[in-house]
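Participant: As input, take final23.csv (CSV, C-alpha atoms and all ligand atoms):
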chain,number,residue,atom,x,y,z
A,20,MET,CA,15.0,-41.2,-1.2
A,21,LEU,CA,15.7,-37.6,-0.3
A,22,GLN,CA,18.0,-36.6,2.5
A,23,ILE,CA,18.8,-33.0,3.4
A,24,ASP,CA,21.2,-32.3,6.1
A,25,GLY,CA,22.1,-29.1,8.0
A,26,ILE,CA,20.9,-26.7,5.2
A,27,ALA,CA,21.6,-23.1,5.9
A,28,MET,CA,20.9,-20.1,3.5
A,29,ARG,CA,22.0,-16.5,3.8
A,30,PHE,CA,21.2,-13.8,1.2
A,31,LYS,CA,23.8,-11.1,1.8
A,32,GLU,CA,23.3,-10.2,5.5
A,33,LYS,CA,19.9,-11.9,5.7
A,34,GLN,CA,20.0,-15.4,7.3
A,35,VAL,CA,16.8,-17.1,5.9
A,36,ILE,CA,17.5,-20.7,6.9
A,37,THR,CA,19.7,-21.6,9.8
A,38,ASN,CA,19.3,-25.4,10.0
A,39,ALA,CA,17.0,-27.6,8.0
A,40,SER,CA,17.3,-31.4,7.9
A,41,LEU,CA,14.8,-34.0,6.7
A,42,THR,CA,14.6,-37.4,5.2
A,43,LEU,CA,11.9,-38.6,2.9
A,44,GLN,CA,11.5,-42.3,2.0
A,45,PRO,CA,9.7,-43.6,-1.1
A,46,GLY,CA,6.0,-43.5,-0.6
A,47,GLU,CA,6.2,-40.8,2.1
A,48,VAL,CA,4.2,-37.6,2.0
A,49,ALA,CA,5.5,-34.7,4.2
A,50,HIS,CA,4.2,-31.2,4.8
A,51,ILE,CA,6.2,-28.0,5.6
A,52,SER,CA,4.2,-25.1,6.9
A,53,GLY,CA,5.6,-21.7,7.7
A,54,ALA,CA,4.7,-18.0,7.6
A,55,ASN,CA,5.2,-15.8,4.5
A,56,GLY,CA,8.9,-15.3,4.0
A,57,SER,CA,9.9,-18.1,6.4
A,58,GLY,CA,12.0,-19.7,3.6
A,59,LYS,CA,9.8,-22.5,2.2
A,60,SER,CA,10.4,-21.6,-1.5
A,61,THR,CA,14.0,-21.0,-0.8
A,62,LEU,CA,14.4,-24.5,0.7
A,63,PHE,CA,12.7,-26.1,-2.3
A,64,LYS,CA,14.9,-24.2,-4.7
A,65,ILE,CA,17.9,-25.5,-2.8
A,66,ILE,CA,16.6,-29.1,-2.9
A,67,VAL,CA,16.2,-29.0,-6.7
A,68,GLY,CA,19.5,-27.3,-7.2
A,69,LEU,CA,18.2,-23.8,-8.3
A,70,LEU,CA,20.0,-22.2,-5.4
A,71,VAL,CA,23.3,-23.2,-3.7
A,72,PRO,CA,23.0,-23.3,0.1
A,73,THR,CA,25.5,-21.6,2.4
A,74,ALA,CA,25.9,-24.9,4.2
A,75,GLY,CA,24.5,-28.4,4.2
A,76,SER,CA,23.8,-31.1,1.7
A,77,VAL,CA,21.1,-32.5,-0.4
A,78,VAL,CA,21.3,-36.2,-1.3
A,79,LYS,CA,18.9,-38.2,-3.5
A,80,GLY,CA,19.1,-41.7,-4.9
A,81,ASP,CA,21.0,-42.1,-8.2
A,82,ALA,CA,17.8,-43.0,-10.1
A,83,ASP,CA,15.6,-40.3,-8.4
A,84,VAL,CA,14.2,-37.5,-10.6
A,85,PHE,CA,12.8,-34.3,-9.2
A,86,GLY,CA,9.4,-33.0,-10.2
A,87,ALA,CA,8.6,-29.5,-8.9
A,88,LEU,CA,6.1,-26.8,-8.8
A,89,ILE,CA,7.8,-23.8,-7.3
A,90,GLU,CA,6.3,-20.3,-7.5
A,91,ASN,CA,4.8,-19.5,-10.9
A,92,PRO,CA,5.4,-22.3,-13.4
A,93,GLY,CA,6.5,-21.2,-16.8
A,94,PHE,CA,4.6,-22.2,-19.9
A,95,PHE,CA,4.4,-21.0,-23.5
A,96,GLU,CA,1.6,-18.5,-23.1
A,97,PHE,CA,0.6,-18.6,-26.8
A,98,GLU,CA,0.2,-22.4,-26.9
A,99,THR,CA,-2.5,-24.7,-25.5
A,100,LEU,CA,-2.3,-26.8,-22.4
A,101,ALA,CA,-2.0,-30.0,-24.4
A,102,ARG,CA,0.8,-28.7,-26.5
A,103,ASN,CA,2.7,-27.3,-23.6
A,104,LEU,CA,2.6,-30.6,-21.6
A,105,LYS,CA,3.5,-32.6,-24.7
A,106,PHE,CA,6.4,-30.3,-25.5
A,107,LEU,CA,7.8,-30.4,-21.9
A,108,ALA,CA,7.6,-34.2,-21.6
A,109,GLU,CA,9.0,-34.8,-25.1
A,110,LEU,CA,12.2,-32.9,-24.1
A,111,ARG,CA,13.1,-35.9,-22.0
A,112,GLY,CA,11.2,-38.5,-24.1
A,113,THR,CA,8.8,-39.2,-21.3
A,114,TYR,CA,5.4,-38.2,-22.8
A,115,ASN,CA,2.7,-40.5,-21.4
A,116,LEU,CA,-0.6,-39.4,-22.9
A,117,PRO,CA,-2.8,-41.8,-20.9
A,118,TRP,CA,-1.3,-40.6,-17.6
A,119,VAL,CA,-1.6,-36.9,-18.7
A,120,LYS,CA,-5.3,-37.5,-19.5
A,121,GLU,CA,-5.8,-39.2,-16.1
A,122,LEU,CA,-4.1,-36.4,-14.3
A,123,SER,CA,-6.2,-33.8,-16.1
A,124,GLN,CA,-9.3,-35.7,-15.1
A,125,ILE,CA,-8.3,-36.1,-11.4
A,126,LEU,CA,-7.6,-32.3,-11.2
A,127,ARG,CA,-10.6,-31.3,-13.3
A,128,LEU,CA,-8.6,-29.5,-16.0
A,129,ASP,CA,-9.8,-29.8,-19.6
A,130,LEU,CA,-6.9,-31.2,-21.7
A,131,ASP,CA,-8.9,-30.3,-24.8
A,132,ASN,CA,-9.2,-26.7,-23.9
A,133,LYS,CA,-8.3,-24.8,-27.1
A,134,ASP,CA,-7.5,-21.5,-25.2
A,135,LYS,CA,-3.9,-20.3,-25.2
A,136,MET,CA,-2.4,-20.8,-21.7
A,137,GLY,CA,-2.0,-17.0,-21.4
A,138,LYS,CA,-5.7,-16.9,-20.8
A,139,PHE,CA,-5.7,-19.4,-18.0
A,140,SER,CA,-6.9,-18.5,-14.5
A,141,VAL,CA,-4.6,-18.8,-11.4
A,142,GLY,CA,-6.2,-22.2,-10.5
A,143,MET,CA,-6.0,-23.5,-14.0
A,144,ARG,CA,-2.3,-22.6,-14.2
A,145,GLN,CA,-1.7,-24.2,-10.8
A,146,LYS,CA,-3.3,-27.4,-12.0
A,147,ALA,CA,-1.1,-27.4,-15.1
A,148,GLY,CA,1.9,-26.8,-12.8
A,149,ILE,CA,1.0,-29.8,-10.7
A,150,ILE,CA,0.6,-32.0,-13.8
A,151,GLN,CA,4.0,-31.1,-15.2
A,152,ALA,CA,5.6,-31.9,-11.8
A,153,VAL,CA,4.3,-35.5,-11.8
A,154,MET,CA,3.5,-36.4,-15.4
A,155,GLU,CA,7.0,-37.8,-16.2
A,156,ASP,CA,7.0,-40.4,-13.4
A,157,GLN,CA,9.2,-38.2,-11.3
A,158,SER,CA,10.1,-39.9,-8.0
A,159,ILE,CA,10.6,-37.0,-5.7
A,160,ILE,CA,7.9,-34.4,-6.0
A,161,LEU,CA,8.1,-30.9,-4.5
A,162,LEU,CA,4.9,-28.8,-4.5
A,163,ASP,CA,5.1,-25.2,-3.2
A,164,GLU,CA,1.6,-23.9,-2.4
A,165,PRO,CA,0.0,-26.3,-4.9
A,166,THR,CA,-3.6,-25.7,-3.9
A,167,ARG,CA,-3.5,-21.9,-4.5
A,168,GLY,CA,-6.6,-21.1,-6.4
A,169,LEU,CA,-8.1,-24.6,-6.5
A,170,ASP,CA,-11.8,-24.9,-5.9
A,171,GLU,CA,-13.3,-27.6,-3.5
A,172,PRO,CA,-13.8,-30.4,-6.1
A,173,SER,CA,-10.3,-29.9,-7.4
A,174,LEU,CA,-9.0,-30.0,-3.8
A,175,ALA,CA,-10.5,-33.4,-3.4
A,176,GLY,CA,-8.9,-34.4,-6.7
A,177,PHE,CA,-5.6,-33.1,-5.4
A,178,SER,CA,-5.7,-35.2,-2.3
A,179,ASP,CA,-6.7,-38.3,-4.4
A,180,LEU,CA,-3.7,-37.6,-6.6
A,181,ILE,CA,-1.3,-37.3,-3.6
A,182,ALA,CA,-2.6,-40.7,-2.3
A,183,LYS,CA,-2.1,-42.2,-5.7
A,184,LEU,CA,1.5,-40.9,-6.0
A,185,ALA,CA,2.3,-42.3,-2.5
A,186,ASP,CA,0.9,-45.6,-3.6
A,187,GLN,CA,3.2,-45.5,-6.6
A,188,GLY,CA,6.1,-45.1,-4.2
A,189,LYS,CA,6.8,-41.5,-4.9
A,190,SER,CA,8.1,-39.2,-2.2
A,191,VAL,CA,6.1,-36.0,-1.9
A,192,LEU,CA,7.0,-32.8,-0.1
A,193,ILE,CA,4.3,-30.1,0.1
A,194,ALA,CA,4.8,-26.6,1.4
A,195,SER,CA,1.9,-24.3,2.3
A,196,HIS,CA,0.9,-21.9,4.9
A,197,ASP,CA,-2.1,-24.0,5.8
A,198,ILE,CA,-2.2,-27.7,6.2
A,199,ILE,CA,-4.3,-29.0,3.2
A,200,PRO,CA,-7.1,-31.0,4.8
A,201,SER,CA,-7.7,-34.5,3.5
A,202,VAL,CA,-4.1,-35.1,2.5
A,203,GLN,CA,-2.5,-37.8,4.6
A,204,TYR,CA,0.9,-36.8,5.8
A,205,GLN,CA,3.4,-39.1,7.3
A,206,ARG,CA,5.5,-36.2,8.5
A,207,MET,CA,4.8,-32.6,9.4
A,208,TYR,CA,7.4,-29.8,9.7
A,209,LEU,CA,7.3,-26.2,10.6
A,210,LEU,CA,9.8,-23.7,9.2
A,211,GLU,CA,10.2,-20.9,11.7
A,212,ASP,CA,13.0,-18.5,12.6
A,213,GLY,CA,15.2,-20.3,10.2
A,214,LEU,CA,14.7,-23.7,11.8
A,215,LEU,CA,12.9,-26.7,10.3
A,216,VAL,CA,11.3,-28.6,13.2
A,217,ALA,CA,9.0,-31.6,13.3
A,218,SER,CA,5.5,-30.6,14.3
A,219,ASN,CA,2.6,-32.8,15.2
A,220,GLU,CA,-0.3,-30.7,14.0
A,221,ASN,CA,-1.9,-33.7,12.3
B,301,LIG,N1,17.1,-14.4,-4.3
B,301,LIG,C1,16.9,-13.8,-3.1
B,301,LIG,N2,17.7,-12.7,-2.7
B,301,LIG,C2,17.5,-12.1,-1.5
B,301,LIG,N3,16.5,-12.5,-0.7
B,301,LIG,C3,15.7,-13.5,-1.0
B,301,LIG,C4,15.9,-14.2,-2.3
B,301,LIG,N4,15.0,-15.2,-2.3
B,301,LIG,C5,14.2,-15.1,-1.2
B,301,LIG,N5,14.7,-14.1,-0.4
B,301,LIG,C6,14.2,-13.8,1.0
B,301,LIG,O1,14.2,-15.0,1.7
B,301,LIG,C7,13.0,-15.0,2.6
B,301,LIG,C8,12.3,-16.3,2.4
B,301,LIG,O2,11.6,-16.2,1.1
B,301,LIG,P1,10.8,-17.5,0.6
B,301,LIG,O3,10.2,-17.0,-0.7
B,301,LIG,O4,11.6,-18.6,0.6
B,301,LIG,O5,9.6,-17.6,1.7
B,301,LIG,P2,8.3,-18.5,1.7
B,301,LIG,O6,8.3,-19.2,3.0
B,301,LIG,O7,8.3,-19.3,0.5
B,301,LIG,O8,7.2,-17.4,1.6
B,301,LIG,P3,5.7,-17.4,1.0
B,301,LIG,O9,4.9,-18.3,2.0
B,301,LIG,O10,5.3,-16.0,1.1
B,301,LIG,O11,5.8,-18.0,-0.4
B,301,LIG,C9,12.3,-13.7,2.3
B,301,LIG,O12,12.6,-12.7,3.2
B,301,LIG,C10,12.8,-13.3,0.9
B,301,LIG,O13,12.8,-11.9,0.8
Is it possible to express this structure as structure tokens?
Ligand SMILES: Nc1ncnc2c1ncn2[C@@H]1O[C@H](COP(=O)(O)OP(=O)(O)OP(=O)(O)O)[C@@H](O)[C@H]1O
Facilitator:
Amino acid sequence: MLQIDGIAMRFKEKQVITNASLTLQPGEVAHISGANGSGKSTLFKIIVGLLVPTAGSVVKGDADVFGALIENPGFFEFETLARNLKFLAELRGTYNLPWVKELSQILRLDLDNKDKMGKFSVGMRQKAGIIQAVMEDQSIILLDEPTRGLDEPSLAGFSDLIAKLADQGKSVLIASHDIIPSVQYQRMYLLEDGLLVASNEN
């Protein structure tokens, strides 16, 4: 469960977010749309604790763990995909190879690719970023522009993955300019002029 209440954020004299509140239950998938610079990434950074808001609160369940893809995910550029994912998950002792293999198949990313990640395309990196956000059984998943650079078959895989995560009881929050077709959202929000408002575009 995720509950954010009355979030406001100001950078010096620039008020980016005035009031953002939302609640996300287990198994719920929500979407936040908003123009470039409307504050979507800022809100995600506040939710995961990378930024401290000017006002408001973020509450999650004690057992909840965040998984996030925000802006450009960091990887060891001179290592392969498989070694990067293994290293990241082993930091917390959560490496689950069968699940990582399944995720790679769903998103059409070759886990056996011997290239260093520095050579990966935008879409390939994005897929790797999605995998790291969900591979450790994280219960609250935040994906910022997750489909950037994904081709059509991979987009279909992405929506299958979101449905699977929801079935597993994960809470998923996706931010993007456009609504990603074929993903089933329970809640839709628009971040505009600093306010997060429920929208009914779906
Ligand atoms: N650390 C920071 N210091 C000052 N201003 C910032 C900082 N981070 C973000 N901003 C400003 O906050 C506003 C919102 O940025 P943010 O990246 O959250 O928007 P966004 O909705 O994610 O945009 P996009 O769709 O282009 O990714 C922008 O005007 C940005 O310049």
Participant: Write out, as CSV, each residue of chain A that has an atom at most 12 Å from ligand LIG 301 (chain B), together with the closest pair of atoms and their distance in Å to one decimal, counting only C-alpha atoms and all ligand atoms, rows going by chain and rising number.
Facilitator:
residue,atom,partner,partner_atom,distance
A:Ala27,CA,B:LIG301,O1,11.7
A:Met28,CA,B:LIG301,O1,8.6
A:Arg29,CA,B:LIG301,N3,8.2
A:Phe30,CA,B:LIG301,C2,4.9
A:Lys31,CA,B:LIG301,C2,7.2
A:Glu32,CA,B:LIG301,C2,9.3
A:Lys33,CA,B:LIG301,N3,7.3
A:Gln34,CA,B:LIG301,O1,8.1
A:Val35,CA,B:LIG301,O1,5.4
A:Ile36,CA,B:LIG301,C8,8.2
A:Thr37,CA,B:LIG301,C8,11.7
A:Ile51,CA,B:LIG301,O6,9.4
A:Ser52,CA,B:LIG301,O6,8.2
A:Gly53,CA,B:LIG301,O6,6.0
A:Ala54,CA,B:LIG301,O9,5.6
A:Asn55,CA,B:LIG301,O10,3.4
A:Gly56,CA,B:LIG301,O5,3.3
A:Ser57,CA,B:LIG301,O6,3.9
A:Gly58,CA,B:LIG301,O4,3.2
A:Lys59,CA,B:LIG301,O6,3.7
A:Ser60,CA,B:LIG301,O7,3.7
A:Thr61,CA,B:LIG301,O4,3.7
A:Leu62,CA,B:LIG301,O4,6.5
A:Phe63,CA,B:LIG301,O4,8.1
A:Lys64,CA,B:LIG301,O4,8.4
A:Ile65,CA,B:LIG301,O4,9.9
A:Leu69,CA,B:LIG301,N1,10.3
A:Leu70,CA,B:LIG301,N1,8.4
A:Val71,CA,B:LIG301,N1,10.8
A:Pro72,CA,B:LIG301,N1,11.5
A:Ile89,CA,B:LIG301,O7,9.0
A:Glu90,CA,B:LIG301,O11,7.5
A:Asn91,CA,B:LIG301,O11,10.7
A:Leu162,CA,B:LIG301,O7,11.3
A:Asp163,CA,B:LIG301,O7,7.7
A:Glu164,CA,B:LIG301,O11,7.5
A:Pro165,CA,B:LIG301,O11,11.1
A:Arg167,CA,B:LIG301,O11,10.9
A:Ile193,CA,B:LIG301,O7,11.5
A:Ala194,CA,B:LIG301,O7,8.1
A:Ser195,CA,B:LIG301,O9,6.7
A:His196,CA,B:LIG301,O9,6.1
A:Asp197,CA,B:LIG301,O9,9.8
A:Leu209,CA,B:LIG301,O6,10.4
A:Leu210,CA,B:LIG301,O6,7.8
A:Glu211,CA,B:LIG301,O6,9.1
A:Asp212,CA,B:LIG301,C8,10.5
A:Gly213,CA,B:LIG301,C8,9.2
A:Leu214,CA,B:LIG301,O6,11.8
A:Leu215,CA,B:LIG301,O6,11.4
Participant: Rounded to one decimal, what separation in Å do you get between atom CA of A:Gln187 and atom CA of A:Ala108?
Facilitator: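 That distance, rounded to one decimal, is 19.3 Å.
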Participant: A:Leu41, A:Met154, A:Ile26, A:Val216: which is nearest A:Glu109, counting only C-alpha atoms?
Facilitator: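 Smallest separation from A:Glu109 among the options: A:Met154.
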Participant: Pick out the closest residue to A:Val119 from this set: A:Glu155, A:Gln145, A:Gln44, A:Asn132. Count all atoms listed in the file.
Facilitator: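 With all atoms listed in the file as the atom set, the closest residue is A:Glu155.
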Participant: When you count only C-alpha atoms, which of these residues is closest to A:Met136: A:Gln124, A:Ser76, A:Asn103, A:Gln151?
Facilitator: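 Ranking A:Gln124, A:Ser76, A:Asn103, A:Gln151 by distance to A:Met136, first place goes to A:Asn103.
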Participant: Find the distance between atom CA of A:Leu174 and atom CA of A:Leu192 and write it in Å to one decimal.
Facilitator: 16.7 Å
Participant: For a test of reading the model, state the distance in Å between atom CA of A:Gly80 and atom CA of A:Ser178, rounded to one decimal.
Facilitator: 25.8 Å
Participant: With distances taken over all atoms listed in the file, which residue among A:Ala49, A:Leu21, A:Ala175, A:Leu128 lies nearest A:Asp83?
Facilitator: A:Leu21
Participant: Select, from A:Gly75, A:Pro117, A:Pro92, A:Gly25, the residue with the minimum atom-to-atom distance to A:Val141, counting all atoms listed in the file.
Facilitator: A:Pro92
Participant: Excluding A:Gly86 and any residue of its chain fewer than 4 positions from it, enumerate the residues within 6 Å of it, using all atoms listed in the file, and give them as a list in words.
Facilitator: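 Using all atoms listed in the file, the neighbours found are Ala152, Val153, Gln157 and Ile160 of chain A.
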